[in-house]
Amino acid sequence: MTPSRWRFEFTMTRYLTRFLCLFCIALTARAALDPALLKPLAADDADKRIAAIQKLGATANPEAALVLKALNEDNLYVASGRLYRLDGERAFDAASGDEIKPAPDNGEGITINNRVRGEVANALAALKLFDPDPAVRLASAMELQSGVTPEMAPLLARALEKESEARIKALLTLAHAEATLGDKDTAVRLAAVQALGASANPNTRNLLTPLTDAANEPAEQVRRAAYASLSAVESRLALGENVGRVFTGISLGSILLLAALGLAITYGVMGVINMAHGELLMVGAYATYLVQTFFRNHLPAQVDWYLPAAIPVAFFSAALVGVVLERTVIRWLYGRPLETLLATWGLSLILIQAARVLFGAQNVELANPSWMSGGIELLPGMVLPLNRIFIIGFSLFVLSLVWVLMNKTRLGMFVRAVTQNRAMAGCVGVPTSRIDTLAFALGAGIAGLGGVALSQIANVGPDMGQGYIVDSFMVVVLGGVGQLAGAVWAALGLGVVSKFLEGWVGAVIAKIAVLVFIIVFIQKRPQGLFAFKGRFVEN
Amino acid sequence: MRSVRPPFLLRLLQATTRQGWLALGVFLAIAVVLLPTLHLLVPEGSPFHVSSYVITLGGKLLCYAIVAVAMDLIWGYAGILSLGHGLFFALGGYAFGMYLMRQIGRDGSYQSDLPDFMVFLDWKQLPWYWQGSDSLLWALVLVLVVPALIAFIFGFFAFRSRIKGVYFSIITQALTYAAMLFFFRNETGFGGNNGFTDFKRILGYSITSPEMRVTLFALSALALALTLVLGRYLVSSRFGRVLAAVRDAESRVMFIGYNPLWYKLFVWTLSAMLCAVAGALYVPQVGIINPGEMSPANSIEIAIWVAVGGRATLIGPVIGAAIVNLSKSFFTMAFPEYWLFFLGLLFVLVTLYLPNGVVGLVRKLKQGARS
């Protein structure tokens with residue numbers, strides 16, 4: 001769990017408990033607790049205490065919740081056999097809830113160990129199941145998905161009876177089933193096992209597996225039901241896993257796409273092989289870092305909004321670097337691809353070293369804005385991180401931007417004209433050399449945008465671009481040179497396929513397999529997935 | 001009347017000019033006789049003593065020069081830019097490194113018959129591909145055969161599909177990248193990211209002794225001389241002329257009735273084997289081989305050696321490899337921060353202003369002086 005996500009949950013629970021307290025205090029008609037029930041809390045015997053806590057949890061009494069909360073926060077005291085809890089300076093009788101005046105000062109604090117504390121937390125969660133607020137009940141039911149004990153069964157049954165919300169009911173059914181799994185009555189066990197078939201929790205697998213064995217479960221019908229439920233749970237888990245893989249695959253694909261889109265313009269459309277493309281990503285990422293630093297120093301209140309501000313900065317700084325590269329080096333090497341390759345490799349070395357000199361060899365630290373932290377929980381244990389979702393959206397945005405620029409603007413039309421027939425385009429008045437510069441700047445700027453996205457999920461350092469250059473060339477080559485659509489399909493396909501392969505054979509072998517696949521694929525279809533129809537003469 | 005072709009050996013001898021043989025003779029006299037003598041027999045304090053640093057650096061440069069000539073055969077004469085030649089170099093190094101690892105015997109830190117990294121991985125016996133690696137002869141066979149086989153298979157499919165130009169470069173880069181990842185794994189059985197090191201001896205003789213050092217140095221010099229003679233023969237033969245024709249106008253060569261596949265494939269495989277030999281000579285001299293040698297950056301650096309020296313000349317790559325690597329030694333000692341700037345600028349300036357490299361520059365100056 002990421003720290004930010006943890007913080008989010010922490011504040012949520014704090015909010016909920018506060019709400020609960022307010023609610024309890026507002027409740028005027030209080031039902032007093034049986035002092036005999038409270039007595040063992042002061043006992044030295046941990047087992048007796050736990051029994052008492054569990055009983056308290058099963059009372060569904062708001063007063064019990066206050067007592068347990070006080071116990072959890074070390075605010076429960078005992079003075080001459082009478083239990084009371086402290087709330088700030090004020091003392092309240094634990095059983096009746098009446099304020100004691102004056103507050104006793106000879107009380108002895110009740111301290112509990114971690115085992116007991118865990119029980120208290122469970123009992124508190126159980127009590128919250130009867131809260132009038134559905135949100136509190138839902139949170140409590142979710143919390144109960146782990147740590148259900150057989151003693152909770154009657155409580156859960158009662159909560160289930162009262163519950164009207166379908167979602168909470170489903171969760172409670174699972175918890176109740178888990179609690180009654182060891183029941184003596186075969187019919188109860190059977191019902192429990194059948195109910196657990198609807199679970200999507202990986203832990204359920206461990207609960208059900210022993211019950212398919214005759215050594216643990218005497219009744220054959222229960223064993224059969226357990227077996228059926230187990231396979232239902234397993235197929236559901238497998239589905240979840242696959243959905244997760246597709247998601248991470250698409251996420252990887254969108255990153256590849258962002259890295260490759262700029263290349264699709266410079267290499268695919270213009271035929272310039274730019275080995276410094278990865279370093280243009282780096283320029284974008286460092287521009288993002290600089291914008292973040294600026295916001296931290298001058299606009300600390302708006303620091304969360306540094307990312308949108310970084311988008312144009314990264315685009316234009318990478319585009320500027322692109323213009324400089326094109327005007328000084330690449331322009332003189334048009335039509336000599338191998339020389340371009342070597343020269344741009346040299347440029348990439350210079351850019352890497354420049355970044356090292358300017359920013360140091362260490363990675364720089366970039367924080368996700370708070371609105372990009374956290375995630376959406378699809379299934380228990382499967383969280384889709386928000387930053388990944390944002391990047392998928394961002395790559396869609398960049399993709400449509402490129403598409404519009406290339407197909408709907410005058411600049412795009414000129415670029416296509418120049419790439420198709422440079423001489424003729426020049427004849428009808430297209431300023432070909434300026435178009436070259438602009439197109440290269442556009443490709444570089446897109447790479448800068450890719451750098452913004454990468455800065456949110458990957459390390460930002462001088463060498464960061466090197467890792468993407470081979471991959472992005474693979475995407476462009478696989479998709480077919482001169483094709484934006486090809487790049488999209490190739491990026492997504494590569495992303496999803498490599499994530500599935502990673503699941504089966506591990507990351508390194510998956511990477512090798514993908515590279516080998518591309519090498520073989522190029523043998524078969526050198527023109528890529530999507531090629532221009534028709535014949536053309538090479539050279 | 002059809003003239004009779006002279007026998008192969010004669011053609012091989014005739015390919016190199018009288019001047020060429022003279023130059024080679026001088027070179028070998030220096031590398032095989034003079035320098036070893038100065039290193040072994042002249043006492044250390046004497047101004048004529050050649051230090052072990054010079055011998056090791058020289059040995060490294062000779063190996064690099066072989067790689068550069070191999071690269072030139074494929075790039076300068078056949079127009080195929082490989083960005084994966086570091087792979088063949090490293091494979092040759094690994095194949096010979098296996099033998100060196102076995103020669104450590106029980107002197108490793110675990111005193112086991114197995115190489116240390118296998119003990120570390122808790123392996124109980126040698127994997128099948130390590131069988132026979134304790135024999136020098138088998139190691140030499142591996143050095144030549146494994147890279148050649150990989151180059152042949154890869155080249156066959158690539159050239160058959162007529163992949164060329166930048167496509168071929170990128171794919172070879174992917175190939176060496178994939179191999180690097182593969183060798184980084186511990187389970188591959190080649191020492192993971194530490195590779196092979198701590199070599200002790202060859203054929204029972206200590207690897208750190210001055211005698212072994214000059215032997216390896218002289219062998220490298222000999223290998224370079226042979227590479228140059230072979231290269232000269234190849235490029236001046238009929239084969240070499242077809243190859244140059246393939247480079248300049250492949251479609252036309254095909255229309256005349258040649259199949260470029262076999263020409264390219266032969267020179268590609270030969271180039272890979274030369275690289276492997278260089279790698280095998282390199283590893284005992286520097287004492288380490290690890291997957292970093294397969295990184296794409298290393299392979300692309302080989303191309304710049306050739307470009308600096310001058311493509312499609314045989315002496316050019318040797319000069320280029322020496323210039324670049326001597327500057328590297330100089331910069332990494334004196335100004336480590338500026339080395340990448342220098343190398344990057346070298347890439348840019350050579351491609352922009354010296355398309356024929358140093359050799360081309362010298363030729364131009366000579367022509368200018370003559371006219």
# chains A, B, ... in the order shown; residues from 1 in each chain; ligands from 1
$ residues_around --residues "segment 77-85 of chain B" --least-positions-apart "4" --cutoff "9 Å" --atoms "only C-alpha atoms" --output "JSON, numbers by chain"
{"A": [338], "B": [67, 70, 71, 72, 73, 89, 90, 164, 165, 166, 168, 169, 170, 171, 172, 173, 174, 175, 176, 177, 235, 240, 241, 243, 244, 245, 246, 247, 248, 263, 264, 267, 268, 271, 272, 275, 294, 295, 296, 297, 298, 299, 300, 301, 302, 303, 311, 312, 313]}
$ write_last_selection --atoms "N, CA and C atoms" --output "compact mmCIF listing (two decimals), in the first residue's frame"
# COMPACT_ATOMS: atom_id res chain seq x y z
N LEU A 338 21.98 6.04 -41.86
CA LEU A 338 22.95 5.45 -40.94
C LEU A 338 23.79 6.52 -40.26
N VAL B 67 38.12 -5.99 -33.71
CA VAL B 67 36.66 -5.77 -33.78
C VAL B 67 36.34 -4.70 -34.81
N ALA B 70 36.62 -6.02 -38.23
CA ALA B 70 35.48 -6.89 -38.49
C ALA B 70 34.24 -6.07 -38.81
N MET B 71 34.05 -5.00 -38.03
CA MET B 71 32.91 -4.12 -38.26
C MET B 71 33.02 -3.44 -39.63
N ASP B 72 34.23 -3.08 -40.00
CA ASP B 72 34.44 -2.39 -41.27
C ASP B 72 34.12 -3.31 -42.44
N LEU B 73 34.47 -4.59 -42.30
CA LEU B 73 34.16 -5.54 -43.38
C LEU B 73 32.67 -5.55 -43.67
N PHE B 89 31.42 -10.22 -29.77
CA PHE B 89 32.63 -9.99 -28.98
C PHE B 89 32.47 -10.62 -27.59
N ALA B 90 31.31 -10.32 -26.96
CA ALA B 90 31.08 -10.84 -25.61
C ALA B 90 30.91 -12.36 -25.62
N LYS B 164 17.33 -4.38 -44.34
CA LYS B 164 18.61 -3.68 -44.46
C LYS B 164 18.51 -2.28 -43.89
N GLY B 165 19.60 -1.57 -44.01
CA GLY B 165 19.62 -0.18 -43.56
C GLY B 165 19.32 -0.07 -42.08
N VAL B 166 18.53 0.94 -41.76
CA VAL B 166 18.26 1.25 -40.38
C VAL B 166 17.52 0.12 -39.67
N PHE B 168 17.80 -3.06 -40.10
CA PHE B 168 18.74 -4.08 -39.67
C PHE B 168 19.50 -3.60 -38.44
N SER B 169 19.91 -2.33 -38.46
CA SER B 169 20.65 -1.79 -37.31
C SER B 169 19.83 -1.90 -36.03
N ILE B 170 18.57 -1.49 -36.13
CA ILE B 170 17.73 -1.51 -34.94
C ILE B 170 17.52 -2.93 -34.44
N ILE B 171 17.33 -3.86 -35.38
CA ILE B 171 17.09 -5.23 -34.96
C ILE B 171 18.32 -5.83 -34.30
N THR B 172 19.51 -5.52 -34.85
CA THR B 172 20.71 -6.06 -34.21
C THR B 172 20.87 -5.45 -32.82
N GLN B 173 20.46 -4.20 -32.70
CA GLN B 173 20.52 -3.58 -31.38
C GLN B 173 19.59 -4.30 -30.41
N ALA B 174 18.39 -4.61 -30.89
CA ALA B 174 17.45 -5.36 -30.04
C ALA B 174 18.03 -6.72 -29.69
N LEU B 175 18.73 -7.34 -30.64
CA LEU B 175 19.29 -8.67 -30.41
C LEU B 175 20.30 -8.63 -29.27
N THR B 176 21.21 -7.67 -29.31
CA THR B 176 22.23 -7.63 -28.27
C THR B 176 21.62 -7.20 -26.94
N TYR B 177 20.58 -6.37 -27.01
CA TYR B 177 19.88 -5.96 -25.79
C TYR B 177 19.21 -7.16 -25.13
N VAL B 235 38.58 -8.16 -49.71
CA VAL B 235 38.02 -6.98 -50.38
C VAL B 235 38.62 -6.77 -51.77
N GLY B 240 34.89 -9.60 -52.97
CA GLY B 240 34.84 -8.26 -52.40
C GLY B 240 34.20 -7.26 -53.34
N ARG B 241 34.44 -7.48 -54.64
CA ARG B 241 33.86 -6.53 -55.60
C ARG B 241 32.35 -6.72 -55.71
N LEU B 243 30.55 -7.73 -53.29
CA LEU B 243 30.05 -7.20 -52.02
C LEU B 243 29.89 -5.68 -52.11
N ALA B 244 30.89 -5.01 -52.68
CA ALA B 244 30.80 -3.56 -52.81
C ALA B 244 29.65 -3.20 -53.75
N ALA B 245 29.43 -4.04 -54.76
CA ALA B 245 28.32 -3.77 -55.68
C ALA B 245 27.00 -3.91 -54.95
N VAL B 246 26.90 -4.91 -54.08
CA VAL B 246 25.68 -5.10 -53.29
C VAL B 246 25.45 -3.86 -52.42
N ARG B 247 26.54 -3.35 -51.86
CA ARG B 247 26.43 -2.16 -51.01
C ARG B 247 25.91 -0.97 -51.83
N ASP B 248 26.42 -0.81 -53.04
CA ASP B 248 26.10 0.40 -53.80
C ASP B 248 24.79 0.29 -54.56
N TYR B 263 26.52 -13.67 -50.23
CA TYR B 263 27.64 -12.75 -50.06
C TYR B 263 27.55 -12.05 -48.71
N LYS B 264 26.36 -11.52 -48.44
CA LYS B 264 26.18 -10.82 -47.17
C LYS B 264 26.36 -11.78 -46.00
N VAL B 267 30.08 -12.66 -45.25
CA VAL B 267 30.88 -11.61 -44.62
C VAL B 267 30.36 -11.30 -43.22
N TRP B 268 29.05 -11.45 -43.03
CA TRP B 268 28.44 -11.21 -41.72
C TRP B 268 28.92 -12.25 -40.72
N SER B 271 32.61 -11.78 -39.98
CA SER B 271 32.79 -10.62 -39.11
C SER B 271 32.50 -10.99 -37.66
N ALA B 272 31.42 -11.77 -37.47
CA ALA B 272 31.07 -12.19 -36.11
C ALA B 272 32.17 -13.05 -35.51
N CYS B 275 35.10 -10.99 -34.42
CA CYS B 275 34.77 -10.33 -33.16
C CYS B 275 34.94 -11.29 -32.00
N MET B 294 27.58 -6.43 -23.58
CA MET B 294 26.56 -6.60 -24.62
C MET B 294 25.63 -5.40 -24.70
N SER B 295 25.88 -4.37 -23.90
CA SER B 295 24.95 -3.25 -23.90
C SER B 295 24.98 -2.56 -25.27
N PRO B 296 23.83 -2.08 -25.73
CA PRO B 296 23.78 -1.43 -27.04
C PRO B 296 24.79 -0.30 -27.17
N ALA B 297 25.08 0.40 -26.06
CA ALA B 297 26.01 1.52 -26.15
C ALA B 297 27.40 1.04 -26.59
N ASN B 298 27.83 -0.11 -26.06
CA ASN B 298 29.14 -0.62 -26.45
C ASN B 298 29.20 -0.92 -27.94
N SER B 299 28.12 -1.52 -28.45
CA SER B 299 28.14 -1.92 -29.85
C SER B 299 28.18 -0.71 -30.76
N ILE B 300 27.44 0.33 -30.37
CA ILE B 300 27.38 1.50 -31.24
C ILE B 300 28.71 2.24 -31.20
N GLU B 301 29.45 2.07 -30.10
CA GLU B 301 30.75 2.71 -30.02
C GLU B 301 31.71 2.10 -31.05
N ILE B 302 31.53 0.80 -31.31
CA ILE B 302 32.39 0.16 -32.32
C ILE B 302 32.22 0.88 -33.66
N ALA B 303 30.98 1.24 -33.95
CA ALA B 303 30.73 1.91 -35.23
C ALA B 303 31.50 3.22 -35.32
N ARG B 311 35.72 4.56 -43.19
CA ARG B 311 35.08 3.34 -43.66
C ARG B 311 35.69 2.87 -44.97
N ALA B 312 35.53 1.59 -45.25
CA ALA B 312 35.97 1.00 -46.51
C ALA B 312 37.46 1.20 -46.75
N THR B 313 38.20 1.34 -45.66
CA THR B 313 39.66 1.19 -45.74
C THR B 313 39.98 0.22 -44.63
$ residues_around --residues "segment 180-186 of chain A" --least-positions-apart "5" --cutoff "12 Å" --atoms "only C-alpha atoms" --output "short mmCIF file (atom, residue, chain, number, x, y, z; two decimals) with C-alpha atoms, in the first residue's frame"
data_model
loop_
_atom_site.label_atom_id
_atom_site.label_comp_id
_atom_site.auth_asym_id
_atom_site.auth_seq_id
_atom_site.Cartn_x
_atom_site.Cartn_y
_atom_site.Cartn_z
CA VAL A 148 -14.09 -13.04 11.45
CA THR A 149 -14.39 -15.36 14.47
CA PRO A 150 -17.10 -17.98 15.07
CA GLU A 151 -18.27 -15.96 18.10
CA MET A 152 -19.44 -13.21 15.80
CA ALA A 153 -21.92 -15.47 14.07
CA PRO A 154 -25.03 -14.47 16.09
CA LEU A 155 -24.11 -10.80 15.85
CA LEU A 156 -23.60 -11.04 12.10
CA ALA A 157 -26.87 -12.91 11.74
CA THR A 173 -23.45 -12.74 4.05
CA LEU A 174 -19.84 -13.60 3.31
CA ALA A 175 -18.71 -12.67 6.81
CA ALA A 191 -25.31 -22.83 3.61
CA ALA A 192 -22.08 -21.14 4.66
CA VAL A 193 -20.00 -22.99 2.08
CA GLN A 194 -22.51 -22.21 -0.63
CA ALA A 195 -22.61 -18.54 0.32
CA LEU A 196 -18.82 -18.30 0.16
CA THR A 204 -11.65 -17.56 0.86
CA LEU A 207 -10.91 -21.26 4.02
CA LEU A 208 -12.58 -23.58 1.53
CA PRO A 210 -9.57 -27.77 3.84
CA LEU A 211 -13.31 -28.42 3.58
CA ASN A 216 -11.69 -32.05 7.89
CA GLU A 217 -15.26 -32.27 6.67
CA PRO A 218 -17.38 -35.37 7.39
CA ALA A 219 -20.48 -34.52 5.34
CA GLU A 220 -20.11 -35.35 1.68
CA GLN A 221 -22.66 -32.79 0.47
CA VAL A 222 -20.71 -30.04 2.23
CA ARG A 223 -17.51 -31.27 0.62
CA ALA A 225 -20.53 -27.71 -2.16
CA ALA A 226 -17.13 -26.58 -0.94
#
$ interface_residues --of "chain B" --to "chain A" --cutoff "6 Å" --atoms "only C-alpha atoms" --output "count of residues only"
8
$ closest_residue --among "B:Val359, B:Val324, B:Gly309, B:Tyr282" --to "Phe96 of chain B" --atoms "only C-alpha atoms"
B:Tyr282
$ residues_around --residues "segment 190-199 of chain B" --least-positions-apart "6" --cutoff "10 Å" --atoms "only C-alpha atoms" --output "VMD selection string"
chain B and resid 93 to 95 97 to 105 107 to 108 115 to 118 120 to 121 130 180 to 184 206 to 208 283 to 284 286 to 292
$ select_by_dssp --residues "segment 374-465 of chain A" --states "strand (DSSP E or B)" --output "PyMOL selection string"
chain A and resi 375-379+382-385+460
$ write_last_selection --atoms "C-alpha atoms" --output "compact mmCIF listing (two decimals), in the first residue's frame"
# COMPACT_ATOMS: atom_id res chain seq x y z
CA GLY A 375 -6.67 4.20 -6.66
CA ILE A 376 -9.93 2.53 -7.53
CA GLU A 377 -10.49 -0.85 -5.95
CA LEU A 378 -12.10 -3.17 -8.46
CA LEU A 379 -11.87 -6.38 -6.48
CA MET A 382 -6.84 -5.36 -6.88
CA VAL A 383 -6.40 -1.62 -6.97
CA LEU A 384 -6.11 0.33 -10.19
CA PRO A 385 -3.76 3.20 -9.33
CA VAL A 460 13.68 10.76 -13.45
$ residues_around --residues "Leu68 of chain A" --least-positions-apart "6" --cutoff "8 Å" --atoms "only C-alpha atoms" --output "ChimeraX atom specification"
/A:53,120,123-124
$ atom_distance --atom1 "atom CA of Gly412 of chain A" --atom2 "atom CA of Leu492 of chain A"
24.6 Å
$ residues_around --residues "segment 432-439 of chain A" --least-positions-apart "6" --cutoff "12 Å" --atoms "only C-alpha atoms" --output "ChimeraX atom specification"
/A:262-272,316,319-332,334,402,405-406,410-426,445-446
$ write_last_selection --atoms "C-alpha atoms" --output "PDB file, in the first residue's frame"
ATOM      1  CA  GLY A 262       6.995  11.439 -31.265  1.00  0.00           C
ATOM      2  CA  LEU A 263       9.159   8.847 -32.939  1.00  0.00           C
ATOM      3  CA  ALA A 264       6.287   7.911 -35.224  1.00  0.00           C
ATOM      4  CA  ILE A 265       6.447  11.468 -36.547  1.00  0.00           C
ATOM      5  CA  THR A 266      10.208  11.919 -36.774  1.00  0.00           C
ATOM      6  CA  TYR A 267      11.068   8.416 -37.916  1.00  0.00           C
ATOM      7  CA  GLY A 268       7.781   7.158 -39.287  1.00  0.00           C
ATOM      8  CA  VAL A 269       6.790  10.210 -41.241  1.00  0.00           C
ATOM      9  CA  MET A 270      10.022  12.092 -41.827  1.00  0.00           C
ATOM     10  CA  GLY A 271      12.349   9.098 -42.016  1.00  0.00           C
ATOM     11  CA  VAL A 272      14.789  10.634 -39.551  1.00  0.00           C
ATOM     12  CA  PHE A 316       8.021  23.655 -25.638  1.00  0.00           C
ATOM     13  CA  ALA A 319      10.479  21.162 -28.970  1.00  0.00           C
ATOM     14  CA  LEU A 320      13.136  23.842 -28.555  1.00  0.00           C
ATOM     15  CA  VAL A 321      15.831  21.231 -28.048  1.00  0.00           C
ATOM     16  CA  GLY A 322      14.417  19.495 -31.116  1.00  0.00           C
ATOM     17  CA  VAL A 323      14.689  22.658 -33.208  1.00  0.00           C
ATOM     18  CA  VAL A 324      18.287  23.136 -32.147  1.00  0.00           C
ATOM     19  CA  LEU A 325      19.160  19.526 -32.981  1.00  0.00           C
ATOM     20  CA  GLU A 326      17.435  19.716 -36.346  1.00  0.00           C
ATOM     21  CA  ARG A 327      18.978  23.033 -37.370  1.00  0.00           C
ATOM     22  CA  THR A 328      22.512  22.204 -36.261  1.00  0.00           C
ATOM     23  CA  VAL A 329      22.917  18.513 -37.059  1.00  0.00           C
ATOM     24  CA  ILE A 330      20.048  16.487 -38.428  1.00  0.00           C
ATOM     25  CA  ARG A 331      19.233  18.851 -41.294  1.00  0.00           C
ATOM     26  CA  TRP A 332      22.618  18.149 -42.873  1.00  0.00           C
ATOM     27  CA  TYR A 334      18.739  13.998 -44.534  1.00  0.00           C
ATOM     28  CA  VAL A 402      -1.267  14.413 -32.885  1.00  0.00           C
ATOM     29  CA  LEU A 405      -2.380  18.205 -35.977  1.00  0.00           C
ATOM     30  CA  MET A 406      -1.377  15.785 -38.690  1.00  0.00           C
ATOM     31  CA  ARG A 410      -2.302  23.214 -42.487  1.00  0.00           C
ATOM     32  CA  LEU A 411       0.986  22.262 -40.839  1.00  0.00           C
ATOM     33  CA  GLY A 412       0.009  18.588 -40.873  1.00  0.00           C
ATOM     34  CA  MET A 413      -0.966  18.793 -44.514  1.00  0.00           C
ATOM     35  CA  PHE A 414       2.383  20.377 -45.363  1.00  0.00           C
ATOM     36  CA  VAL A 415       4.262  17.725 -43.417  1.00  0.00           C
ATOM     37  CA  ARG A 416       2.452  14.971 -45.280  1.00  0.00           C
ATOM     38  CA  ALA A 417       3.015  16.737 -48.577  1.00  0.00           C
ATOM     39  CA  VAL A 418       6.743  17.102 -47.949  1.00  0.00           C
ATOM     40  CA  THR A 419       7.137  13.480 -46.919  1.00  0.00           C
ATOM     41  CA  GLN A 420       5.262  12.236 -49.962  1.00  0.00           C
ATOM     42  CA  ASN A 421       6.968  14.358 -52.554  1.00  0.00           C
ATOM     43  CA  ARG A 422       9.449  16.919 -51.405  1.00  0.00           C
ATOM     44  CA  ALA A 423      10.226  18.410 -54.803  1.00  0.00           C
ATOM     45  CA  MET A 424       6.605  18.823 -55.814  1.00  0.00           C
ATOM     46  CA  ALA A 425       5.681  20.284 -52.443  1.00  0.00           C
ATOM     47  CA  GLY A 426       8.467  22.810 -52.846  1.00  0.00           C
ATOM     48  CA  GLY A 445       7.530  18.189 -28.210  1.00  0.00           C
ATOM     49  CA  ILE A 446       5.384  15.043 -28.156  1.00  0.00           C
TER      50      ILE A 446
END
